[in-house]
Every structure is written in structure tokens, then in C-alpha cells.
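Student: Below is one structure. I have some questions about it.
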Amino acid sequence: MSGQLEAADGRRPRRVILKISGEGFCQAGERGIAMDAVVHLAEQTRRAAETGAQIAVVMGGGNILRGAQFTSGNSAIHEATAHYMGMLATVMNGLALQDALESLGCDTRLMTAIRMEGVAETYIRRRARRHLEKGRIILLAAGTGSPFVTTDTAAAQRALELEADVLLKATRVDGVFSDDPEKNPHAVLYGELTYDDVLRQNLRVMDPEAIAKCMEYKMPIMVFNFKKEGNIEKAVRGDRVGTLVIPKKTEA
Ligand code: UDP
């Protein structure tokens with residue numbers, strides 16, 4: 001690895017949580033796992049790791065299954081079971097991304113919040129930190145290990161416990177908009193927002209639980225477009241490539 005990107009306080013290399021939703025693992029509007037989408041993610045993540053930053057990826061699973069799909073009262077599948085199925089979906093994405101990263105020469109560890117011997121390491125905070133310190137890209141699958149939340153909450157949780165400098169939320173739009181930019185061409189892209197703005201205006205950034213957790217511990221969130229070439233690397237370096245969600249605005 002070249003470079004040594006320092007954290008804002010200069011104590012250690014910059015450490016980031018990169019939240020990639022399931023949509024990053026398939027073609028737009030489709031489902032399942034598309035290997036070219038995974039390779040694109042892997043190439044961008046490798047370039048980001050080459051900056052010297054420590055990277056923990058939290059994968060979503062919506063390209064395969066979300067627990068909420070089974071919430072109707074007459075579903076034979078219990079809602080909690082469906083959420084566990086969703087968590088397993090994130091493990092499949094993790095396995096795909098791990099192989100893609102390793103085929104590019106990256107050192108990785110897949111860790112799961114649900115014990116799955118023979119497939120991946122169990123997530124243990126201290127071990128995860130150790131991997132990061134050794135320059136391994138860690139892939140954190142199975143969310144929090146508990147049903148009824150999403151991988152956004154898992155990303156916020158891991159950002160706090162691994163003392164990340166920022167939570168990077170990769171999306172397929174350029175950041176946070178006043179309205180859905182895919183439906184409203186007049187939607188305005190925000191450069192900065194406070195957690196309060198996001199919660200009060202009900203802006204689509206991450207789940208409210210995840211925002212509340214980040215707000216409580218002042219964890220900055222950067223929402224950016226991972227589809228644009230080089231954006232993951234820029235976001236990892238700390239460039240403004242999307243919308244920054246912080247406790248207090250710095251812009252006028
Ligand atoms: N999930 C869960 N607990 C967690 C994380 C995820 O129960 O800690 C389930 C939940 O059903 C969720 C699914 O796994 O819908 C897939 O994750 P998510 O919806 O966050 O994926 P994304 O939208 O990021 O692709």
C-alpha cells in the first residue's frame with residue numbers, strides 16, 4: 001500500500017466505514033449479483049485503500065432480499081425470519097466482493113455479525129481493529145446480527161465502535177437532494193446539512209435510527225455517488241464529493 005492518509009487529528013491513518021447498499025452489487029433496476037458491478041466496486045475500493053486509509057465496508061442486501069418484503073399480515077414467513085434472510089443476503093454480497101478484491105491483490109477479511117464458521121470470521125471488535133491496523137480491507141456482513149433494523153444502522157454502529165473518522169454512504173445519486181432527483185429534475189443538491197435538518201425535513205439519507213446514532217456521537221456522514229469513477233477514492237481521502245452531514249454547518 002502506498003501513502004498514509006492521516007485522521008483529522010493526526011493520531012493514526014484515516015479510518016472510514018463505507019456503506020454500500022445492495023444496489024451496488026447489481027445493475028440499475030435489476031436484482032441479484034452482477035459480477036461486473038462487483039468488480040467495479042472492488043476496483044474503486046482498491047484504489048481507495050491504496051491511499052493508505054483503513055477501510056471497513058458494510059454491505060447491504062437489498063439486491064437480494066429485504067425483510068420488509070414479508071411484512072404483510074398473511075405472509076407465512078415471520079417478519080423476524082425475513083430479516084435474518086436479509087442479513088444472509090449481505091453475506092452473499094460480502095463473499096462476492098471479497099473474491100473480487102482478492103483477485104485484484106487486496107488483503108481482506110470477511111466478518112459476520114452472525115456466527116458462520118466455515119464461511120467467514122465472526123465479528124469481534126478488537127479483531128476487526130487489528131485487521132484494519134494491518135492494512136486489510138474488512139467486509140462486515142450480516143448487519144448488526146439482530147432483526148428489525150437495516151444495514152444503515154449497522155454502518156452507524158460499526159463507525160462508532162471502530163472509531164471511524166467518517167461514515168461514507170455510497171448511493172447512485174450525487175448526494176442528498178431536496179426531493180427525489182430521479183423523479184423531480186428541479187430537486188436541489190445540498191452541500192452540507194446538519195443531522196437536525198435531515199431528521200426534521202425527513203430527507204432520504206439513511207434510516208432515522210442511524211442518523212440519530214451519528215448525531216448523538218457527532219459521527220460525520222458523507223453521502224456520495226459511487227457510480228462516478230474515482231468517487232470512492234475521493235470520499236475516502238476526505239474530498240467533498242457529495243453531501244456532508246455534520247453537527248453544525250460550516251458554509252454560509
Ligand atoms: N437486516 C437486519 N438487521 C441488520 C441488518 C439488516 O435485519 O442489522 C435485514 C433487513 O431485513 C434488511 C436486510 O437485512 O432489509 C438487507 O439489508 P438492507 O435493507 O439494509 O440493505 P440495503 O438497502 O442497504 O441494500
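As shown in the C-alpha cells, the chain order sets the letters A, B, ...; within each chain, residues go from 1, and ligands are also counted from 1 in the order they appear.
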Which chains and residue numbers are within 7 Å of ligand 1, counting only C-alpha atoms and all ligand atoms, if I want them as a ChimeraX atom specification?
Tutor: /A:20-23,59-63,65-68,82-87,89-90,142-154
Student: I need the alpha helix (DSSP H) residues of stretch 4-237 of chain A per DSSP on the backbone, written as a VMD selection string.
Tutor: chain A and resid 35 to 49 79 to 103 125 to 133 151 to 161 195 to 200 208 to 216 231 to 237
Student: Using only C-alpha atoms, which residue out of A:Gln98, A:Thr81, A:Thr51, A:Thr194 lies closest to A:Val38?
Tutor: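 For A:Val38, the nearest of the candidates is A:Gln98.
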Student: Just asking: which residues within stretch 137-246 of chain A are strand (DSSP E) according to DSSP, as JSON, numbers by chain?
Tutor: {"A": [137, 138, 139, 140, 141, 166, 167, 168, 169, 170, 171, 192, 193, 194, 221, 222, 223, 224, 225, 242, 243, 244, 245, 246]}
Student: With a distance cut-off of 8 Å and only C-alpha atoms, select the neighbouring residues of A:Ile138, excluding the residue or stretch itself and same-chain residues fewer than 2 positions from it, and output the selection as a ChimeraX atom specification.
Tutor: /A:55-57,108-111,128,131-132,136,140
Student: For the residues in the current selection, export all heavy atoms as a compact mmCIF listing (two decimals), in the first residue's frame.
Tutor:
```txt
# COMPACT_ATOMS: atom_id res chain seq x y z
N ILE A 55 -10.06 0.79 5.65
CA ILE A 55 -11.43 0.73 5.11
C ILE A 55 -12.20 -0.47 5.64
O ILE A 55 -11.76 -1.61 5.52
CB ILE A 55 -11.40 0.67 3.56
CG1 ILE A 55 -10.65 1.90 3.02
CG2 ILE A 55 -12.81 0.59 2.99
CD1 ILE A 55 -10.54 1.94 1.52
N ALA A 56 -13.37 -0.18 6.20
CA ALA A 56 -14.30 -1.23 6.60
C ALA A 56 -15.56 -1.05 5.76
O ALA A 56 -16.16 0.03 5.78
CB ALA A 56 -14.65 -1.11 8.08
N VAL A 57 -15.91 -2.06 4.99
CA VAL A 57 -17.09 -1.97 4.14
C VAL A 57 -18.27 -2.65 4.84
O VAL A 57 -18.12 -3.77 5.34
CB VAL A 57 -16.85 -2.66 2.78
CG1 VAL A 57 -18.06 -2.47 1.86
CG2 VAL A 57 -15.58 -2.16 2.10
N THR A 108 -7.93 -9.06 2.46
CA THR A 108 -9.27 -8.78 3.01
C THR A 108 -9.64 -9.78 4.11
O THR A 108 -9.05 -10.86 4.20
CB THR A 108 -10.37 -8.92 1.93
OG1 THR A 108 -10.45 -10.31 1.56
CG2 THR A 108 -10.08 -8.10 0.70
N ARG A 109 -10.62 -9.40 4.90
CA ARG A 109 -11.25 -10.32 5.84
C ARG A 109 -12.75 -10.08 5.79
O ARG A 109 -13.19 -8.93 5.90
CB ARG A 109 -10.77 -10.10 7.28
CG ARG A 109 -9.33 -10.50 7.53
CD ARG A 109 -9.13 -12.02 7.45
NE ARG A 109 -7.78 -12.38 7.82
CZ ARG A 109 -6.72 -12.37 7.02
NH1 ARG A 109 -6.87 -12.01 5.75
NH2 ARG A 109 -5.53 -12.71 7.45
N LEU A 110 -13.51 -11.16 5.62
CA LEU A 110 -14.97 -11.06 5.70
C LEU A 110 -15.36 -11.43 7.12
O LEU A 110 -14.95 -12.49 7.63
CB LEU A 110 -15.61 -12.02 4.69
CG LEU A 110 -17.13 -12.13 4.72
CD1 LEU A 110 -17.80 -10.80 4.36
CD2 LEU A 110 -17.62 -13.20 3.73
N MET A 111 -16.11 -10.55 7.78
CA MET A 111 -16.53 -10.81 9.16
C MET A 111 -18.06 -10.73 9.23
O MET A 111 -18.66 -9.83 8.65
CB MET A 111 -15.92 -9.77 10.12
CG MET A 111 -14.41 -9.64 9.98
SD MET A 111 -13.71 -8.52 11.22
CE MET A 111 -13.29 -9.66 12.53
N ALA A 128 -11.38 -6.87 14.51
CA ALA A 128 -11.63 -6.02 13.34
C ALA A 128 -10.64 -4.86 13.31
O ALA A 128 -10.07 -4.52 12.27
CB ALA A 128 -13.07 -5.49 13.39
N HIS A 131 -7.23 -6.05 12.15
CA HIS A 131 -7.17 -6.22 10.69
C HIS A 131 -6.95 -4.86 10.02
O HIS A 131 -6.15 -4.74 9.09
CB HIS A 131 -8.46 -6.83 10.14
CG HIS A 131 -8.66 -8.27 10.50
ND1 HIS A 131 -7.65 -9.19 10.51
CD2 HIS A 131 -9.79 -8.95 10.85
CE1 HIS A 131 -8.13 -10.38 10.85
NE2 HIS A 131 -9.42 -10.26 11.07
N LEU A 132 -7.69 -3.88 10.48
CA LEU A 132 -7.57 -2.54 9.87
C LEU A 132 -6.15 -2.01 10.05
O LEU A 132 -5.55 -1.47 9.12
CB LEU A 132 -8.58 -1.57 10.51
CG LEU A 132 -10.05 -1.81 10.15
CD1 LEU A 132 -10.96 -0.92 11.00
CD2 LEU A 132 -10.29 -1.52 8.67
N ARG A 136 -5.64 -4.47 6.18
CA ARG A 136 -6.62 -5.33 5.48
C ARG A 136 -7.93 -4.57 5.30
O ARG A 136 -8.33 -3.83 6.21
CB ARG A 136 -6.88 -6.59 6.31
CG ARG A 136 -5.64 -7.45 6.42
CD ARG A 136 -5.84 -8.59 7.39
NE ARG A 136 -4.60 -9.34 7.50
CZ ARG A 136 -4.13 -9.88 8.62
NH1 ARG A 136 -4.82 -9.79 9.74
NH2 ARG A 136 -3.00 -10.52 8.61
N LEU A 140 -17.84 -6.19 6.43
CA LEU A 140 -18.67 -6.50 7.59
C LEU A 140 -20.07 -6.88 7.13
O LEU A 140 -20.82 -6.04 6.61
CB LEU A 140 -18.71 -5.30 8.54
CG LEU A 140 -17.31 -4.81 8.98
CD1 LEU A 140 -17.43 -3.58 9.87
CD2 LEU A 140 -16.55 -5.92 9.69
```
Student: Enter the distance from atom CA of A:Gly175 to atom CA of A:Glu209, in Å, rounded to one decimal.
Tutor: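 Answer for the atom CA of A:Gly175 to atom CA of A:Glu209 separation: 19.2 Å.
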Student: Rounded to one decimal in Å, what is the spacing between atom CA of A:Thr45 and atom CA of A:Leu101?
Tutor: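 Calculated distance between atom CA of A:Thr45 and atom CA of A:Leu101 is 8.0 Å.
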Student: One number please: atom CA of A:Met215 to atom CA of A:Asp196, in Å, one decimal.
Tutor: 8.2 Å
Student: Of the residues A:Leu88, A:Ala96, A:Ile221, A:Leu199, which is the one nearest to A:Ala155, using only C-alpha atoms?
Tutor: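 Ranked by minimum distance to A:Ala155, first place goes to A:Ile221.
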Student: Near A:Gly242, counting only C-alpha atoms, which residues have an atom at most 9 Å away, once you skip same-chain residues fewer than 3 positions from it, shown as a list in words?
Tutor: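 Neighbouring residues, sequence-local ones excluded: Val173, Asp174, Gly175, Val176, Leu189, Tyr190, Gly191, Glu192, Met222, Val223, Phe224, Asn225, Ala235 and Asp239 of chain A.
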Student: Write out as a PyMOL selection string which residues come within 10 Å of A:Ala42 when counting only C-alpha atoms, dropping same-chain ones fewer than 5 positions away.
Tutor: chain A and resi 36-37+47-48+96-104+106
Student: Would you pick out the contacts of A:Tyr195 at 7 Å or less, using only C-alpha atoms, so that residues sharing its chain but fewer than 5 positions from it are not included, and give the list as a ChimeraX atom specification?
Tutor: /A:211,215,245-247
Student: Could you name the residues that touch A:Asp165 at 10 Å or less, counting only C-alpha atoms, but leaving out those on the same chain fewer than 4 positions away, as a ChimeraX atom specification?
Tutor: /A:6-9,13-17,159-160,219-221,236,238
Student: From the options A:His186, A:Leu168, A:Gly29, A:Asp197, which residue's atoms come nearest to A:Ala156, counting only C-alpha atoms?
Tutor: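 Under the stated criterion, the closest residue is A:Leu168.
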